[in-house]
>>> print(open('data.txt').read())   # compact mmCIF, C-alpha atoms
# COMPACT_ATOMS: atom_id res chain seq x y z
CA ASN Y 10 0.00 0.00 0.00
CA GLN Y 11 0.91 3.69 -0.13
CA GLU Y 12 2.13 3.82 3.49
CA ASP Y 13 4.52 0.89 2.98
CA TRP Y 14 5.79 2.46 -0.25
CA GLY Y 15 6.48 5.70 1.60
CA LYS Y 16 8.48 3.84 4.26
CA THR Y 17 10.50 2.05 1.56
CA ILE Y 18 11.34 5.36 -0.15
CA SER Y 19 12.39 6.96 3.18
CA VAL Y 20 14.76 4.03 3.87
CA TYR Y 21 16.34 3.78 0.42
CA SER Y 22 16.47 7.47 -0.53
CA PRO Y 23 19.62 8.21 1.55
CA ILE Y 24 21.29 5.11 0.08
CA MET Y 25 20.31 6.10 -3.46
CA TYR Y 26 21.52 9.67 -2.82
CA ASN Y 27 24.87 8.46 -1.46
CA ASN Y 28 25.36 6.16 -4.45
CA HIS Y 29 24.52 9.03 -6.78
CA MET Y 30 26.98 11.33 -5.00
CA GLU Y 31 29.75 8.74 -5.18
CA LYS Y 32 29.21 8.39 -8.93
CA GLU Y 33 29.26 12.17 -9.38
CA GLN Y 34 32.41 12.48 -7.27
CA LYS Y 35 34.22 9.89 -9.37
CA LYS Y 36 32.96 11.47 -12.57
CA THR Y 37 34.06 14.93 -11.47
CA LEU Y 38 37.52 13.77 -10.38
CA ILE Y 39 38.13 11.81 -13.60
CA THR Y 40 36.92 14.77 -15.66
CA PHE Y 41 39.23 17.13 -13.77
CA LEU Y 42 42.26 14.86 -14.18
CA TYR Y 43 42.00 14.23 -17.90
CA LEU Y 44 41.16 17.87 -18.65
CA LEU Y 45 44.14 19.00 -16.55
CA LEU Y 46 46.49 16.61 -18.40
CA PHE Y 47 45.07 17.83 -21.71
CA TYR Y 48 45.69 21.45 -20.69
CA LEU Y 49 49.23 20.80 -19.39
CA ALA Y 50 50.12 18.89 -22.56
CA CYS Y 51 49.42 22.09 -24.49
CA LYS Y 52 52.27 23.79 -22.63
CA PHE Y 53 54.77 21.36 -24.18
CA LEU Y 54 53.77 22.06 -27.77
CA PRO Y 55 56.72 23.72 -29.58
CA PHE Y 56 54.97 26.98 -30.48
CA GLU Y 57 58.25 28.92 -30.22
CA LYS Y 58 59.66 26.98 -33.20
CA ILE Y 59 56.94 28.25 -35.55
CA PRO Y 60 58.52 30.65 -38.10
CA GLY Y 61 57.19 34.15 -38.65
CA PRO Y 62 56.71 37.36 -36.65
CA ASN Y 63 56.97 37.23 -32.85
CA CYS Y 64 53.20 37.39 -32.42
CA VAL Y 65 52.52 34.24 -34.49
CA ALA Y 66 53.54 31.68 -31.84
CA PRO Y 67 51.44 33.12 -28.95
CA LEU Y 68 48.53 33.72 -31.33
CA LEU Y 69 48.51 30.06 -32.38
CA GLN Y 70 48.84 29.06 -28.73
CA ALA Y 71 45.83 31.25 -27.91
CA LEU Y 72 43.79 29.52 -30.63
CA VAL Y 73 44.72 26.08 -29.25
CA LEU Y 74 43.80 27.24 -25.73
CA LEU Y 75 40.47 28.57 -27.01
CA GLY Y 76 39.70 25.11 -28.39
CA ILE Y 77 40.63 23.54 -25.05
CA LEU Y 78 38.48 26.10 -23.21
CA ILE Y 79 35.43 25.25 -25.32
CA PHE Y 80 36.02 21.55 -24.61
CA VAL Y 81 36.46 22.20 -20.87
CA LEU Y 82 33.21 24.21 -20.76
CA ARG Y 83 31.34 21.37 -22.42
CA GLU Y 84 32.75 18.71 -20.09
CA GLU Y 85 32.32 20.87 -16.98
CA LYS Y 86 28.59 21.22 -17.63
CA LYS Y 87 28.20 17.44 -17.59
CA CYS Y 88 29.36 17.26 -13.97
CA GLN Y 89 26.40 17.63 -11.63
CA ILE Y 90 28.18 17.74 -8.29
CA PRO Y 91 26.53 20.30 -5.92
CA ARG Y 92 28.23 23.69 -5.72
CA LYS Y 93 27.94 25.83 -2.61
CA GLU Y 94 27.50 29.58 -3.10
CA GLY Y 95 27.43 32.44 -0.63
CA ALA Y 96 25.29 35.55 -0.81
CA GLN Y 97 27.78 38.32 -0.02
CA ASN Y 98 27.86 41.46 -2.12
CA PRO Y 99 30.55 40.98 -4.84
CA PHE Y 100 31.77 44.55 -4.25
CA LEU Y 101 33.07 43.42 -0.84
CA SER Y 102 35.82 41.48 -2.64
CA PHE Y 103 36.99 44.48 -4.65
CA PRO Y 104 39.62 45.57 -2.04
CA LEU Y 105 41.36 42.25 -2.69
CA PHE Y 106 41.98 43.42 -6.25
CA LEU Y 107 44.68 45.75 -4.89
CA VAL Y 108 46.89 42.65 -4.76
CA CYS Y 109 46.75 42.61 -8.56
CA PHE Y 110 48.60 45.96 -8.58
CA SER Y 111 51.31 45.04 -6.03
CA ASN Y 112 54.16 44.83 -8.56
CA LEU Y 113 53.10 48.05 -10.28
CA LEU Y 114 52.88 49.89 -6.97
CA TYR Y 115 56.30 48.55 -5.99
CA LEU Y 116 57.82 49.97 -9.19
CA LEU Y 117 56.12 53.32 -8.62
CA CYS Y 118 57.18 53.51 -4.95
CA PHE Y 119 60.81 52.81 -5.81
CA GLN Y 120 60.66 55.12 -8.84
CA ILE Y 121 61.55 52.49 -11.41
CA ALA Y 122 60.68 53.94 -14.81
CA PRO Y 123 59.54 51.99 -17.90
CA SER Y 124 62.55 50.96 -19.97
CA LYS Y 125 61.08 48.79 -22.74
CA THR Y 126 59.27 49.43 -26.02
CA VAL Y 127 56.07 47.42 -26.26
CA ASP Y 128 55.63 45.11 -29.24
CA VAL Y 129 51.86 45.65 -29.50
CA PRO Y 130 50.93 42.58 -31.64
CA LEU Y 131 53.05 40.34 -29.39
CA PHE Y 132 51.61 41.91 -26.24
CA LEU Y 133 48.00 41.45 -27.41
CA SER Y 134 48.67 37.83 -28.43
CA GLU Y 135 50.19 37.05 -25.03
CA THR Y 136 47.22 38.72 -23.33
CA LEU Y 137 44.89 36.31 -25.15
CA VAL Y 138 47.06 33.40 -23.96
CA THR Y 139 46.79 34.70 -20.38
CA PHE Y 140 43.00 35.10 -20.55
CA PHE Y 141 42.30 31.66 -21.99
CA SER Y 142 44.80 30.00 -19.63
CA ILE Y 143 43.42 31.49 -16.43
CA THR Y 144 39.81 30.79 -17.50
CA ILE Y 145 40.67 27.13 -18.06
CA GLU Y 146 42.46 26.96 -14.70
CA GLU Y 147 39.52 28.54 -12.85
CA LEU Y 148 37.04 26.12 -14.40
CA LEU Y 149 39.29 23.19 -13.49
CA PHE Y 150 40.24 24.14 -9.95
CA ARG Y 151 37.36 26.30 -8.72
CA SER Y 152 34.43 24.87 -10.71
CA LEU Y 153 35.42 21.18 -10.63
CA LEU Y 154 38.06 20.34 -8.02
CA PHE Y 155 36.88 22.70 -5.27
CA PRO Y 156 33.25 21.40 -5.28
CA PHE Y 157 34.64 17.86 -5.44
CA PHE Y 158 36.52 18.37 -2.17
CA GLN Y 159 33.49 20.12 -0.64
CA SER Y 160 31.38 17.03 -1.30
CA LEU Y 161 34.13 14.64 -0.23
CA ILE Y 162 35.26 16.32 3.01
CA GLN Y 163 32.61 16.18 5.71
CA GLY Y 164 32.40 18.01 9.01
CA LYS Y 165 32.12 21.49 10.47
CA HIS Y 166 35.19 22.88 8.66
CA SER Y 167 34.71 21.11 5.33
CA ASP Y 168 34.69 24.38 3.36
CA GLU Y 169 37.91 25.63 4.95
CA LEU Y 170 39.69 22.31 4.36
CA SER Y 171 38.41 22.21 0.78
CA ILE Y 172 39.85 25.68 0.17
CA LEU Y 173 43.25 24.65 1.53
CA VAL Y 174 43.46 21.28 -0.25
CA SER Y 175 42.28 22.61 -3.64
CA SER Y 176 44.68 25.56 -3.30
CA ALA Y 177 47.57 23.17 -2.54
CA CYS Y 178 46.68 21.21 -5.70
CA PHE Y 179 46.61 24.48 -7.67
CA SER Y 180 50.07 25.33 -6.33
CA LEU Y 181 51.44 21.86 -7.13
CA MET Y 182 50.28 22.18 -10.72
CA HIS Y 183 52.92 24.88 -11.16
CA ALA Y 184 55.66 22.37 -10.28
CA ILE Y 185 55.59 21.56 -13.99
CA ASN Y 186 57.57 24.77 -14.42
CA PHE Y 187 60.62 23.08 -12.88
CA ILE Y 188 61.15 21.84 -16.43
CA GLY Y 189 63.33 24.49 -18.04
CA ASN Y 190 63.22 27.08 -15.22
CA ALA Y 191 65.37 27.94 -12.20
CA PRO Y 192 64.15 26.05 -9.06
CA PRO Y 193 64.15 29.16 -6.77
CA SER Y 194 61.81 31.08 -9.09
CA VAL Y 195 59.49 28.08 -9.41
CA LEU Y 196 59.38 27.58 -5.63
CA MET Y 197 58.49 31.25 -5.21
CA GLN Y 198 55.77 30.85 -7.83
CA MET Y 199 54.35 27.83 -6.01
CA GLY Y 200 54.30 29.87 -2.80
CA TYR Y 201 52.31 32.78 -4.17
CA THR Y 202 49.99 30.50 -6.18
CA LEU Y 203 49.09 28.75 -2.91
CA PHE Y 204 48.07 32.16 -1.54
CA LEU Y 205 46.33 32.99 -4.82
CA GLY Y 206 44.42 29.71 -4.72
CA VAL Y 207 43.10 30.48 -1.23
CA VAL Y 208 41.89 33.91 -2.39
CA LEU Y 209 40.24 32.53 -5.55
CA ALA Y 210 38.52 29.61 -3.81
CA SER Y 211 37.26 31.96 -1.07
CA ILE Y 212 35.87 34.38 -3.65
CA THR Y 213 34.14 31.49 -5.41
CA LEU Y 214 32.58 30.31 -2.14
CA TYR Y 215 31.51 33.64 -0.63
CA HIS Y 216 29.60 35.06 -3.62
CA LYS Y 217 26.79 33.88 -5.84
CA ARG Y 218 28.32 32.95 -9.20
CA GLY Y 219 31.67 33.75 -7.63
CA ILE Y 220 33.47 31.82 -10.39
CA TYR Y 221 33.13 34.89 -12.65
CA LEU Y 222 34.67 37.11 -9.98
CA ALA Y 223 37.48 34.56 -9.51
CA ILE Y 224 38.19 34.55 -13.26
CA SER Y 225 38.34 38.37 -13.25
CA PHE Y 226 40.68 38.45 -10.25
CA HIS Y 227 42.98 35.78 -11.67
CA PHE Y 228 43.16 37.55 -15.04
CA PHE Y 229 44.01 40.96 -13.58
CA PHE Y 230 46.55 39.37 -11.21
CA ASN Y 231 48.43 37.70 -14.06
CA PHE Y 232 47.94 40.48 -16.61
CA ILE Y 233 49.04 43.43 -14.45
CA ASN Y 234 51.61 41.74 -12.22
CA SER Y 235 53.22 39.78 -15.04
CA ASP Y 236 52.29 40.57 -18.66
CA LEU Y 237 52.05 44.35 -18.39
CA ILE Y 238 54.98 44.77 -16.00
CA ASN Y 239 57.31 42.53 -18.01
CA ALA Y 240 56.37 44.30 -21.24
CA LEU Y 241 57.27 47.74 -19.86
CA PHE Y 242 59.83 47.35 -17.06
CA SER Y 243 63.18 45.77 -16.28
CA TYR Y 244 63.60 45.09 -12.56
CA GLN Y 245 65.25 42.68 -10.15
CA ILE Y 246 63.63 40.56 -7.48
CA ASN Y 247 65.36 41.64 -4.25
CA LEU Y 248 64.56 41.86 -0.55
CA ASN Y 249 62.56 45.09 -0.97
CA TYR Y 250 60.45 43.46 -3.66
CA VAL Y 251 59.75 40.39 -1.50
CA LEU Y 252 58.87 42.42 1.62
CA PHE Y 253 56.64 44.79 -0.35
CA ASN Y 254 54.63 41.93 -1.84
CA LEU Y 255 54.52 40.05 1.47
CA THR Y 256 52.94 43.14 3.06
CA PHE Y 257 50.21 43.12 0.42
CA GLY Y 258 49.72 39.40 0.97
CA VAL Y 259 49.30 39.78 4.74
CA LEU Y 260 46.81 42.64 4.30
CA ALA Y 261 44.86 40.58 1.79
CA LEU Y 262 44.70 37.61 4.18
CA LEU Y 263 43.45 39.86 6.99
CA TYR Y 264 40.70 41.20 4.74
CA LEU Y 265 39.93 37.64 3.62
CA PHE Y 266 39.44 36.73 7.29
CA PHE Y 267 36.90 39.57 7.51
CA LEU Y 268 35.00 38.11 4.52
CA TYR Y 269 35.20 34.66 6.11
CA HIS Y 270 33.69 36.00 9.33
CA ARG Y 271 30.80 37.60 7.38
CA HIS Y 272 30.26 34.35 5.48
CA GLN Y 273 30.12 32.31 8.69
CA LYS Y 274 27.73 34.79 10.30
CA GLY Y 275 25.49 34.63 7.24
CA ASN Y 276 25.41 30.83 7.43
CA GLU Y 277 24.49 30.95 11.13
CA ASN Y 278 21.65 33.35 10.39
CA VAL Y 279 20.31 31.09 7.63
CA THR Y 280 20.50 28.06 9.93
CA GLY Y 281 18.75 30.00 12.70
CA HIS Y 282 15.87 30.98 10.38
CA ARG Y 283 15.45 27.39 9.24
CA ASN Y 284 15.27 26.16 12.82
>>> encode(input="data.txt", output="structure tokens")
Amino acid sequence: NQEDWGKTISVYSPIMYNNHMEKEQKKTLITFLYLLLFYLACKFLPFEKIPGPNCVAPLLQALVLLGILIFVLREEKKCQIPRKEGAQNPFLSFPLFLVCFSNLLYLLCFQIAPSKTVDVPLFLSETLVTFFSITIEELLFRSLLFPFFQSLIQGKHSDELSILVSSACFSLMHAINFIGNAPPSVLMQMGYTLFLGVVLASITLYHKRGIYLAISFHFFFNFINSDLINALFSYQINLNYVLFNLTFGVLALLYLFFLYHRHQKGNENVTGHRN
């Protein structure tokens, strides 16, 4: 009868839900891994050996990355793992964007003038490479891997642990740069990408559709602190440079703690209303 059917559903629904979640977790992890390998393989393609003007190689690389991005978008939509979103005003994260200008502010404070002539076609081509690369990375790490860890890690601090673990994975991805680069510079890159991963995952969690804000932050961080600066300036990484950027990092983490506190308070209020 209907009563017995209702009891059967109530008993098996949690089991069916858990089985469904396990399948989605496996699907999401497998999707992340093969898309990441596909993306990293692109970095080993010999674009620099292509003859022609300087802008040809990065332009072709940008076209390849665009194809990968379209493929990643299609595969990402197939993953149905739940994604948590906050409700904080996106404008609250705008002070964090000051970190994107840390290198530029350092050069201005120490009165280091531009010393290079910009190759505009090359600069625009490399900007396209930056945009497509960071969009792919955000979809992989913040739209796939971060929700995967959120569903996998249980407990009161699951979100915080998910932020740290996914950020560590994001940092480790950059270990690929040990191939052909000086170890000290790669280790420094892995350090600041760990910090960057925490910021990006937090932005994704604290705001509705925060992935778009994370993509914007990541793009401006790479574009201003790397592409634009390297196209215009010649400078050395010294103690002043490290301390200046560390100061910005500490201030950003303090502000991130403020956003975290607001997020936690908002969750407590929602739980209180439900009860």
>>> residues_around(input="data.txt", residues="Leu46 in chain Y", least_positions_apart="3", cutoff="12 Å", atoms="all atoms listed in the file", output="number ranges by chain")
Y: 39-43, 49-53, 77, 81, 146, 149, 182, 185
>>> write_last_selection(input="data.txt", atoms="C-alpha atoms", output="compact mmCIF listing (two decimals), in the coordinates of the input")
# COMPACT_ATOMS: atom_id res chain seq x y z
CA ILE Y 39 38.13 11.81 -13.60
CA THR Y 40 36.92 14.77 -15.66
CA PHE Y 41 39.23 17.13 -13.77
CA LEU Y 42 42.26 14.86 -14.18
CA TYR Y 43 42.00 14.23 -17.90
CA LEU Y 49 49.23 20.80 -19.39
CA ALA Y 50 50.12 18.89 -22.56
CA CYS Y 51 49.42 22.09 -24.49
CA LYS Y 52 52.27 23.79 -22.63
CA PHE Y 53 54.77 21.36 -24.18
CA ILE Y 77 40.63 23.54 -25.05
CA VAL Y 81 36.46 22.20 -20.87
CA GLU Y 146 42.46 26.96 -14.70
CA LEU Y 149 39.29 23.19 -13.49
CA MET Y 182 50.28 22.18 -10.72
CA ILE Y 185 55.59 21.56 -13.99
>>> atom_distance(input="data.txt", atom1="CA of Leu268 in chain Y", atom2="CA of Leu117 in chain Y")
29.2 Å
>>> atom_distance(input="data.txt", atom1="CA of Leu153 in chain Y", atom2="CA of Arg92 in chain Y")
9.1 Å
>>> residues_near_point(input="data.txt", point="(41.7, 32.7, -18.3)", cutoff="10 Å", atoms="only C-alpha atoms", output="list in words")
Leu74, Leu75, Leu78, Thr136, Leu137, Val138, Thr139, Phe140, Phe141, Ser142, Ile143, Thr144, Ile145, Glu146, Glu147, Leu148, Ala223, Ile224, Ser225, Phe226, His227, Phe228, Phe229 and Asn231 of chain Y
>>> axis_aligned_box(input="data.txt", around="range 190-202 of chain Y", padding_each_side="5 Å", output="AutoDock Vina command-line options")
--center_x 57.7 --center_y 29.4 --center_z -9.0 --size_x 25.4 --size_y 16.7 --size_z 22.4
>>> closest_residue(input="data.txt", among="Y:Gln89, Y:Asn98, Y:Gln70, Y:Gln120", to="Tyr244 in chain Y", atoms="all atoms listed in the file")
Y:Gln120
>>> closest_residue(input="data.txt", among="Y:Ile172, Y:Ile212, Y:Met30, Y:Ala261", to="Leu107 in chain Y", atoms="all atoms listed in the file")
Y:Ala261
>>> closest_residue(input="data.txt", among="Y:Leu45, Y:Arg271, Y:Pro55, Y:His216", to="Phe150 in chain Y", atoms="all atoms listed in the file")
Y:Leu45
>>> atom_distance(input="data.txt", atom1="CA of Ser175 in chain Y", atom2="CA of Phe155 in chain Y")
5.6 Å
>>> closest_residue(input="data.txt", among="Y:Ile79, Y:Leu203, Y:Leu222, Y:Leu263", to="Phe179 in chain Y", atoms="all atoms listed in the file")
Y:Leu203
>>> residues_around(input="data.txt", residues="Ser243 in chain Y", least_positions_apart="5", cutoff="12 Å", atoms="all atoms listed in the file", output="list in words")
Asn112, Leu113, Leu116, Ile121, Ala122, Pro123, Ser124, Lys125, Thr126, Ser235, Leu237 and Ile238 of chain Y
>>> write_last_selection(input="data.txt", atoms="C-alpha atoms", output="mmCIF file, in the coordinates of the input")
data_model
loop_
_atom_site.group_PDB
_atom_site.id
_atom_site.type_symbol
_atom_site.label_atom_id
_atom_site.label_comp_id
_atom_site.auth_asym_id
_atom_site.auth_seq_id
_atom_site.Cartn_x
_atom_site.Cartn_y
_atom_site.Cartn_z
ATOM 1 C CA ASN Y 112 54.160 44.830 -8.560
ATOM 2 C CA LEU Y 113 53.100 48.050 -10.280
ATOM 3 C CA LEU Y 116 57.820 49.970 -9.190
ATOM 4 C CA ILE Y 121 61.550 52.490 -11.410
ATOM 5 C CA ALA Y 122 60.680 53.940 -14.810
ATOM 6 C CA PRO Y 123 59.540 51.990 -17.900
ATOM 7 C CA SER Y 124 62.550 50.960 -19.970
ATOM 8 C CA LYS Y 125 61.080 48.790 -22.740
ATOM 9 C CA THR Y 126 59.270 49.430 -26.020
ATOM 10 C CA SER Y 235 53.220 39.780 -15.040
ATOM 11 C CA LEU Y 237 52.050 44.350 -18.390
ATOM 12 C CA ILE Y 238 54.980 44.770 -16.000
#
>>> residues_near_point(input="data.txt", point="(54.2, 30.6, -10.7)", cutoff="10 Å", atoms="all atoms listed in the file", output="ChimeraX atom specification")
/Y:180-186,194-203,231
>>> residues_around(input="data.txt", residues="Pro91 in chain Y", least_positions_apart="4", cutoff="9 Å", atoms="all atoms listed in the file", output="PyMOL selection string")
chain Y and resi 156-157+159-160
>>> write_last_selection(input="data.txt", atoms="C-alpha atoms", output="mmCIF file, in the frame of the given file")
data_model
loop_
_atom_site.group_PDB
_atom_site.id
_atom_site.type_symbol
_atom_site.label_atom_id
_atom_site.label_comp_id
_atom_site.auth_asym_id
_atom_site.auth_seq_id
_atom_site.Cartn_x
_atom_site.Cartn_y
_atom_site.Cartn_z
ATOM 1 C CA PRO Y 156 33.250 21.400 -5.280
ATOM 2 C CA PHE Y 157 34.640 17.860 -5.440
ATOM 3 C CA GLN Y 159 33.490 20.120 -0.640
ATOM 4 C CA SER Y 160 31.380 17.030 -1.300
#
>>> closest_residue(input="data.txt", among="Y:Leu255, Y:Val127, Y:Ile90, Y:Leu68", to="Leu241 in chain Y", atoms="all atoms listed in the file")
Y:Val127
>>> residues_around(input="data.txt", residues="Leu69 in chain Y", least_positions_apart="4", cutoff="9 Å", atoms="only C-alpha atoms", output="compact mmCIF listing (two decimals) with C-alpha atoms, keeping the file's coordinate frame")
# COMPACT_ATOMS: atom_id res chain seq x y z
CA PHE Y 56 54.97 26.98 -30.48
CA CYS Y 64 53.20 37.39 -32.42
CA VAL Y 65 52.52 34.24 -34.49
CA VAL Y 73 44.72 26.08 -29.25
CA LEU Y 74 43.80 27.24 -25.73
CA SER Y 134 48.67 37.83 -28.43
>>> closest_residue(input="data.txt", among="Y:Gly206, Y:Gly275, Y:Pro67, Y:Gly219", to="Cys178 in chain Y", atoms="all atoms listed in the file")
Y:Gly206
>>> decode(input="data.txt", residues="range 48-63 of chain Y", atoms="N, CA and C atoms", output="mmCIF file, in the first residue's frame")
data_model
loop_
_atom_site.group_PDB
_atom_site.id
_atom_site.type_symbol
_atom_site.label_atom_id
_atom_site.label_comp_id
_atom_site.auth_asym_id
_atom_site.auth_seq_id
_atom_site.Cartn_x
_atom_site.Cartn_y
_atom_site.Cartn_z
ATOM 1 N N TYR Y 48 45.259 20.050 -20.747
ATOM 2 C CA TYR Y 48 45.693 21.454 -20.686
ATOM 3 C C TYR Y 48 47.207 21.558 -20.515
ATOM 4 N N LEU Y 49 47.776 20.747 -19.619
ATOM 5 C CA LEU Y 49 49.225 20.797 -19.385
ATOM 6 C C LEU Y 49 50.013 20.327 -20.607
ATOM 7 N N ALA Y 50 49.452 19.377 -21.347
ATOM 8 C CA ALA Y 50 50.121 18.890 -22.558
ATOM 9 C C ALA Y 50 50.292 20.015 -23.572
ATOM 10 N N CYS Y 51 49.343 20.957 -23.572
ATOM 11 C CA CYS Y 51 49.416 22.094 -24.489
ATOM 12 C C CYS Y 51 50.664 22.934 -24.233
ATOM 13 N N LYS Y 52 51.111 22.972 -22.976
ATOM 14 C CA LYS Y 52 52.274 23.786 -22.626
ATOM 15 C C LYS Y 52 53.576 23.248 -23.222
ATOM 16 N N PHE Y 53 53.566 21.968 -23.625
ATOM 17 C CA PHE Y 53 54.774 21.361 -24.176
ATOM 18 C C PHE Y 53 54.804 21.396 -25.709
ATOM 19 N N LEU Y 54 53.765 21.933 -26.310
ATOM 20 C CA LEU Y 54 53.774 22.056 -27.766
ATOM 21 C C LEU Y 54 54.814 23.100 -28.183
ATOM 22 N N PRO Y 55 55.602 22.834 -29.211
ATOM 23 C CA PRO Y 55 56.720 23.725 -29.577
ATOM 24 C C PRO Y 55 56.269 24.952 -30.378
ATOM 25 N N PHE Y 56 55.458 25.793 -29.767
ATOM 26 C CA PHE Y 56 54.968 26.982 -30.479
ATOM 27 C C PHE Y 56 56.117 27.924 -30.846
ATOM 28 N N GLU Y 57 57.156 27.977 -29.999
ATOM 29 C CA GLU Y 57 58.254 28.917 -30.220
ATOM 30 C C GLU Y 57 59.055 28.588 -31.479
ATOM 31 N N LYS Y 58 58.915 27.370 -31.999
ATOM 32 C CA LYS Y 58 59.657 26.977 -33.201
ATOM 33 C C LYS Y 58 58.925 27.341 -34.493
ATOM 34 N N ILE Y 59 57.717 27.878 -34.363
ATOM 35 C CA ILE Y 59 56.944 28.248 -35.547
ATOM 36 C C ILE Y 59 57.556 29.495 -36.170
ATOM 37 N N PRO Y 60 57.901 29.474 -37.461
ATOM 38 C CA PRO Y 60 58.518 30.647 -38.101
ATOM 39 C C PRO Y 60 57.511 31.775 -38.300
ATOM 40 N N GLY Y 61 58.038 32.986 -38.418
ATOM 41 C CA GLY Y 61 57.188 34.146 -38.652
ATOM 42 C C GLY Y 61 57.420 35.223 -37.616
ATOM 43 N N PRO Y 62 56.590 36.272 -37.641
ATOM 44 C CA PRO Y 62 56.713 37.358 -36.650
ATOM 45 C C PRO Y 62 56.556 36.839 -35.225
ATOM 46 N N ASN Y 63 57.000 37.648 -34.260
ATOM 47 C CA ASN Y 63 56.972 37.234 -32.845
ATOM 48 C C ASN Y 63 55.571 36.910 -32.346
#
